[in-house]
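A.B. asks: Before I ask anything, here is the structure I am working with.
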Amino acid sequence: MFLISFLFARGTSEADGDMTDYFYDAEFRSLIQELSAEKFISNLDLSGNLNLSENCAKDLEILSNGTKTFLDNVIRTREFGKRDIDTKLIIPVIDACGKLSPGILRGRSRFIGSFEECMAIDYYNEQALRRIRGGYFRVLLQIPVANSTKNFMWDVCLPASCTGKELHTAFTDGSLPLVGKYIAEVIDGFEKIPKYVTASYIVGVILLLTIAICIVAGIVDYYNTNVKKQQPKGLGYTILMNFSLYKNCKYVIALTPAKKGQISTLNCIRAVSMIWIIIGHTFSISMAAFDNPLDVRDMVKTYYGQFLSNAYLSVDSFFFLTGALLAFLKLKEFEAEHTILSARAWLKFYVGRILRMSPAYYLLLVFYGFIFTSWLYNMPTLMTPGPVDESCRNNWWINFLYLNNFIRYKNMCLVVSWYLATDFQIYLFSPLLLLPFGLFGAFAGLAMASVLLVISTGLNIFQVYHFYLPPSSFRLAPQDPRTPKQAFKFWIYYMPYIRCQVVIIGMLVGTLLQKRKTMRINKVLNVILWILAFASLGTALFGLHDWINGHQWELLPRAMYSAFSRPLWALGLSWMVISSYYGYGAFCAYLVQIMVIAMLFGIDHGSLHYSGLCDWLIRAALPNIVLTFAVALFWTCMFELPFQKLANMVLGKKKRSPAIKPVNGAGVLEEGKSKTMNWT
């Protein structure tokens, strides 16, 4: 039913917005002629009460009068006598403003200026005894044509003494009637940048102090290990060594062969999924910066473009890992220690999770909210409505409670953190499966898993019908006008009772691998199941091809894909893990990736042009991948492992051997501990 519903469903085709419609509109053609710095500045009418500040009004008056004189002398009278105001203010301002650029038919909607040239303007007017500095602003225009509205952005260079609100008033005074008619906002990049507050300095001191302790501990550790060749004893020294940068770096980057009993296949799944997530987020942010987005949309419609448009499945791979490792490790621990009914063991089950995951997460949240966002200045690429806000400063406590996917989710602090909240909530209810398997055996566990899967799937289908939801959160495909704003994110994408499908399947796999140490699989059956696994993965990955190509689906195929694509993906991964395990076949990186991507895009002051998938992967995605893992290594060694080791000491975990014995890439230790992913 699932395959019939969506693979062979072709709904009403919705063609991409044809930009030629705009050129048939006479008002639009007149509007683009108004996007001229000379015309706008020279036509400014400051005689009325525009509610401008004194400094802004005086600077605009000097600029406007100077531009009128310049245009009259140069263009009308052909007199080319160079005035100081012309060479130091008027000409640089006009030149720094955005100009109408080619490529509107391919979706160009940003007419960027020269940020560096504008910010370098520093003119002193001796007559008015005023210094005028350049300020870079972005004018957001919302233009309705042919029953649709498109946003255009025009960058202008005007006096820095003005604010975006003041310039909005100046634009709507009637000097440029069409610009004033369609203007939505004037964005000043500096106005949106949060300022440092007391909490910023407190967070900075905590982070710097932690870094200093890690460096000092690393130096002491290196000296005692390699020079003195003797490690002191004592509780204080043991605590200090938890922060050793030297030891933690060796722990993270060291490689050892996988041991018998470890799920080494998860190494590949985790690495590929993390890279896929970074590429997906890079692509999503790139779409806001491309100056030819329609060329990108043509690429997305291809089959290889599905790897970008359906990159959301990479997150489901991590949920699958959560379930597999959780069941594999915890059932092993409960069996070995006979503690499945111990209240103390379950207390450690929850407290240990919080202590090992929270310190690095909390520190990164407050760093992002109180420090990092204040660094995003001089970045015109980020001058779009609301990319930098103070949501973290207002909502950090919601993230600390792991409720950010439910409370104020529209203003979520660090959007990617929804995953940790959802993952934690699923972890809270994981005993619903662990207890039946541990106490009553496979039949009871499978029965409970079946009930939970049916409930989750039924809720998914119901919500798609009730809210008219799309099959995926991909925004470039046809959307149902009846769908409430952000409904898919809240009711499907963030919800633990929907995401638990993949975790449950992962837990079933982890339980099987823990209970059955060996398994004989017929060669023919093995090949057949591998074929079915790839078919399952391919169906989930490429099943949206028709929808992404512009065909609006009815509710039935939408509901079927939304409800069954994730289980299909998990089933495909399941056989890959099972077959490989029987011999037949990053937490910090996830959090820091958005900051790395934003910074790399922000420091590029030009436009991003799509010239092909390989070109984009090399110039945009690859640097983000490399730098993300580099920053993640730093954050893991400085803020995750030290506090994780302290948590293990508090919880009374078995002391490790002094030798560095890193886990394999799957994050699994014989002692039942995970490496950096903190799944358990």
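As shown in the structure tokens, the chain order sets the letters A, B, ...; within each chain, residues go from 1, and ligands are also counted from 1 in the order they appear.
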Excluding Val366 of chain A and any residue of its chain fewer than 5 positions from it, enumerate the residues within 9 Å of it, using only C-alpha atoms, and give them as number ranges by chain.

C.D. replies: A: 199-200, 203, 361, 371-372, 392-393, 396

A.B. asks: Residues at most 9 Å from Ala559 of chain A, counting only C-alpha atoms, excluding those fewer than 2 positions away in the same chain, as a PDB file with N, CA and C atoms, in the first residue's frame?

C.D. replies:
```
ATOM      1  N   ASN A 460       1.210   9.631  13.262  1.00  0.00           N
ATOM      2  CA  ASN A 460       1.821  10.299  12.111  1.00  0.00           C
ATOM      3  C   ASN A 460       0.792  10.481  10.993  1.00  0.00           C
ATOM      4  N   ILE A 461       0.096   9.412  10.653  1.00  0.00           N
ATOM      5  CA  ILE A 461      -0.903   9.476   9.580  1.00  0.00           C
ATOM      6  C   ILE A 461      -2.023  10.451   9.942  1.00  0.00           C
ATOM      7  N   PHE A 462      -2.496  10.376  11.183  1.00  0.00           N
ATOM      8  CA  PHE A 462      -3.579  11.268  11.618  1.00  0.00           C
ATOM      9  C   PHE A 462      -3.171  12.734  11.498  1.00  0.00           C
ATOM     10  N   GLN A 463      -1.964  13.062  11.921  1.00  0.00           N
ATOM     11  CA  GLN A 463      -1.527  14.460  11.908  1.00  0.00           C
ATOM     12  C   GLN A 463      -1.345  14.992  10.489  1.00  0.00           C
ATOM     13  N   VAL A 464      -0.888  14.145   9.572  1.00  0.00           N
ATOM     14  CA  VAL A 464      -0.768  14.583   8.181  1.00  0.00           C
ATOM     15  C   VAL A 464      -2.143  14.945   7.630  1.00  0.00           C
ATOM     16  N   TYR A 465      -3.145  14.111   7.913  1.00  0.00           N
ATOM     17  CA  TYR A 465      -4.500  14.397   7.430  1.00  0.00           C
ATOM     18  C   TYR A 465      -5.109  15.606   8.147  1.00  0.00           C
ATOM     19  N   LEU A 469      -0.400  18.175   6.179  1.00  0.00           N
ATOM     20  CA  LEU A 469       1.055  18.294   6.192  1.00  0.00           C
ATOM     21  C   LEU A 469       1.678  17.721   4.926  1.00  0.00           C
ATOM     22  N   PRO A 470       2.863  18.210   4.560  1.00  0.00           N
ATOM     23  CA  PRO A 470       3.601  17.643   3.424  1.00  0.00           C
ATOM     24  C   PRO A 470       4.273  16.339   3.835  1.00  0.00           C
ATOM     25  N   PRO A 471       4.799  15.577   2.888  1.00  0.00           N
ATOM     26  CA  PRO A 471       5.485  14.328   3.242  1.00  0.00           C
ATOM     27  C   PRO A 471       6.852  14.551   3.861  1.00  0.00           C
ATOM     28  N   GLU A 554      -1.676  14.103  -3.160  1.00  0.00           N
ATOM     29  CA  GLU A 554      -2.858  14.049  -2.319  1.00  0.00           C
ATOM     30  C   GLU A 554      -2.437  13.650  -0.902  1.00  0.00           C
ATOM     31  N   LEU A 555      -3.378  13.705   0.018  1.00  0.00           N
ATOM     32  CA  LEU A 555      -3.051  13.441   1.420  1.00  0.00           C
ATOM     33  C   LEU A 555      -2.615  11.996   1.656  1.00  0.00           C
ATOM     34  N   LEU A 556      -3.188  11.033   0.919  1.00  0.00           N
ATOM     35  CA  LEU A 556      -2.840   9.629   1.151  1.00  0.00           C
ATOM     36  C   LEU A 556      -1.362   9.352   0.917  1.00  0.00           C
ATOM     37  N   PRO A 557      -0.791   9.655  -0.258  1.00  0.00           N
ATOM     38  CA  PRO A 557       0.643   9.394  -0.427  1.00  0.00           C
ATOM     39  C   PRO A 557       1.514  10.225   0.507  1.00  0.00           C
ATOM     40  N   TYR A 561       4.111   8.276   3.003  1.00  0.00           N
ATOM     41  CA  TYR A 561       5.559   8.525   3.006  1.00  0.00           C
ATOM     42  C   TYR A 561       6.011   9.023   4.374  1.00  0.00           C
ATOM     43  N   SER A 562       5.275   9.957   4.943  1.00  0.00           N
ATOM     44  CA  SER A 562       5.665  10.503   6.240  1.00  0.00           C
ATOM     45  C   SER A 562       5.690   9.424   7.313  1.00  0.00           C
ATOM     46  N   ALA A 563       4.741   8.497   7.251  1.00  0.00           N
ATOM     47  CA  ALA A 563       4.618   7.485   8.300  1.00  0.00           C
ATOM     48  C   ALA A 563       5.574   6.316   8.129  1.00  0.00           C
ATOM     49  N   PHE A 564       5.921   5.959   6.878  1.00  0.00           N
ATOM     50  CA  PHE A 564       6.674   4.728   6.650  1.00  0.00           C
ATOM     51  C   PHE A 564       8.085   4.931   6.103  1.00  0.00           C
TER      52      PHE A 564
END
```

A.B. asks: Hey, can you check how far atom CA of Ser565 of chain A sits from atom CA of Ala620 of chain A?

C.D. replies: 29.1 Å

A.B. asks: Contacts of Tyr419 of chain A at 10 Å or less, counting only C-alpha atoms, minus same-chain residues fewer than 6 places along, as number ranges by chain?

C.D. replies: A: 315, 318-319, 402, 404-405, 425, 493-496, 499, 590-591

A.B. asks: List the neighbours of Pro194 of chain A out to 10 Å using only C-alpha atoms; skip same-chain residues closer than 5 positions along the sequence, and give me the result as a count of residues only.

C.D. replies: 13

A.B. asks: Using only C-alpha atoms, tabulate the residues of segment 462-486 of chain A lying at most 9 Å from any atom of segment 310-314 of chain A, each with its closest atom pair and that distance in Å to one decimal, by chain and increasing residue number, as a tab-separated table.

C.D. replies:
```
residue	atom	partner	partner_atom	distance
A:Ser472	CA	A:Asn310	CA	8.2
A:Ser473	CA	A:Tyr312	CA	8.4
A:Phe474	CA	A:Asn310	CA	7.4
```

A.B. asks: Hey, can you spit out that residue selection with C-alpha atoms as an mmCIF file, in the first residue's frame?

C.D. replies:
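Result file again_28.cif:
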```cif
data_model
loop_
_atom_site.group_PDB
_atom_site.id
_atom_site.type_symbol
_atom_site.label_atom_id
_atom_site.label_comp_id
_atom_site.auth_asym_id
_atom_site.auth_seq_id
_atom_site.Cartn_x
_atom_site.Cartn_y
_atom_site.Cartn_z
ATOM 1 C CA SER A 472 8.761 16.034 4.182
ATOM 2 C CA SER A 473 10.035 19.360 5.471
ATOM 3 C CA PHE A 474 11.775 20.138 2.159
#
```

A.B. asks: Rank nothing, just name the residue among A:Pro481, A:Gly352, A:Gly164, A:Pro623 nearest to Asn648 of chain A, using only C-alpha atoms.

C.D. replies: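 The shortest atom-to-atom distance to Asn648 of chain A comes from A:Gly352.
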
A.B. asks: Figure out the distance between atom CA of Arg270 of chain A and atom CA of Phe643 of chain A, please, to one decimal in Å.

C.D. replies: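 According to the coordinates, atom CA of Phe643 of chain A and atom CA of Arg270 of chain A are separated by 23.0 Å.
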
A.B. asks: How many Å lie between atom CA of Leu382 of chain A and atom CA of Leu401 of chain A, rounded to one decimal?

C.D. replies: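 Answer for the atom CA of Leu382 of chain A to atom CA of Leu401 of chain A separation: 29.5 Å.
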
A.B. asks: Please provide the set of residues having any atom within 9 Å of Val592 of chain A, restricted to only C-alpha atoms, with same-chain residues fewer than 6 positions apart removed, written as a list in words.

C.D. replies: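 Using only C-alpha atoms, the neighbours found are Leu364, Thr628, Phe629, Val631, Ala632 and Trp635 of chain A.
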
A.B. asks: With C-alpha atoms retained, write the just-selected residues as a PDB file, in the first residue's frame.

C.D. replies:
```pdb
ATOM      1  CA  LEU A 364      27.948  25.520  23.986  1.00  0.00           C
ATOM      2  CA  THR A 628      33.386  21.432  11.828  1.00  0.00           C
ATOM      3  CA  PHE A 629      35.313  18.325  12.854  1.00  0.00           C
ATOM      4  CA  VAL A 631      36.149  22.680  16.116  1.00  0.00           C
ATOM      5  CA  ALA A 632      34.319  19.614  17.418  1.00  0.00           C
ATOM      6  CA  TRP A 635      35.171  21.329  22.087  1.00  0.00           C
TER       7      TRP A 635
END
```

A.B. asks: With the cut-off set at 8 Å and counting only C-alpha atoms, tabulate each residue of segment 219-334 of chain A with an atom at most that distance from an atom of segment 567-581 of chain A, showing the nearest atom pair and its distance in Å to one decimal, ordered by chain and increasing number, as JSON lines.

C.D. replies:
```
{"residue": "A:Ile263", "atom": "CA", "partner": "A:Tyr581", "partner_atom": "CA", "distance": 6.2}
{"residue": "A:Ser264", "atom": "CA", "partner": "A:Tyr581", "partner_atom": "CA", "distance": 7.4}
{"residue": "A:Thr265", "atom": "CA", "partner": "A:Val577", "partner_atom": "CA", "distance": 5.8}
{"residue": "A:Leu266", "atom": "CA", "partner": "A:Val577", "partner_atom": "CA", "distance": 7.2}
{"residue": "A:Leu313", "atom": "CA", "partner": "A:Trp569", "partner_atom": "CA", "distance": 7.5}
{"residue": "A:Asp316", "atom": "CA", "partner": "A:Ala570", "partner_atom": "CA", "distance": 7.6}
{"residue": "A:Ser317", "atom": "CA", "partner": "A:Ala570", "partner_atom": "CA", "distance": 7.2}
{"residue": "A:Phe320", "atom": "CA", "partner": "A:Ala570", "partner_atom": "CA", "distance": 6.5}
```

A.B. asks: With C-alpha atoms retained, export the selected residues as a PDB file, in the first residue's frame.

C.D. replies:
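File selection_22.pdb, as written:
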```pdb
ATOM      1  CA  ILE A 263      29.216  -3.163  16.585  1.00  0.00           C
ATOM      2  CA  SER A 264      31.915  -1.800  14.326  1.00  0.00           C
ATOM      3  CA  THR A 265      29.478  -1.194  11.441  1.00  0.00           C
ATOM      4  CA  LEU A 266      28.074   1.762  13.345  1.00  0.00           C
ATOM      5  CA  LEU A 313      17.222  10.910   6.714  1.00  0.00           C
ATOM      6  CA  ASP A 316      17.163   9.251  11.455  1.00  0.00           C
ATOM      7  CA  SER A 317      20.428   7.334  11.131  1.00  0.00           C
ATOM      8  CA  PHE A 320      18.810   4.423  14.860  1.00  0.00           C
TER       9      PHE A 320
END
```

A.B. asks: So which residues touch Leu308 of chain A within 9 Å, counting only C-alpha atoms, skipping near sequence neighbours fewer than 3 positions away, as number ranges by chain?

C.D. replies: A: 276, 279-280, 283-284, 300, 304-305, 311-312

A.B. asks: How would the residues just picked look written out with C-alpha atoms as an mmCIF file, in the first residue's frame?

C.D. replies:
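Generated file (part28.cif):
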```cif
data_model
loop_
_atom_site.group_PDB
_atom_site.id
_atom_site.type_symbol
_atom_site.label_atom_id
_atom_site.label_comp_id
_atom_site.auth_asym_id
_atom_site.auth_seq_id
_atom_site.Cartn_x
_atom_site.Cartn_y
_atom_site.Cartn_z
ATOM 1 C CA TRP A 276 25.673 14.084 5.283
ATOM 2 C CA ILE A 279 26.386 18.885 3.704
ATOM 3 C CA GLY A 280 22.616 19.164 4.125
ATOM 4 C CA PHE A 283 23.084 23.376 1.260
ATOM 5 C CA SER A 284 20.135 24.779 3.209
ATOM 6 C CA VAL A 300 17.626 19.170 -6.839
ATOM 7 C CA TYR A 304 21.518 12.681 -7.249
ATOM 8 C CA GLY A 305 19.915 15.890 -5.984
ATOM 9 C CA ALA A 311 19.308 14.761 3.810
ATOM 10 C CA TYR A 312 16.855 14.697 6.723
#
```

A.B. asks: Identify which of the residues A:Phe111, A:Phe152, A:Tyr246, A:Phe190 lies closest to Gly98 of chain A, counting only C-alpha atoms when measuring atom-to-atom distances.

C.D. replies: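 Closest to Gly98 of chain A of all the choices is A:Phe111.
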
A.B. asks: Going by DSSP on the backbone, which residues of segment 27-128 of chain A come out as strand (DSSP E)? List them as a PyMOL selection string.

C.D. replies: chain A and resi 110-111+122-125
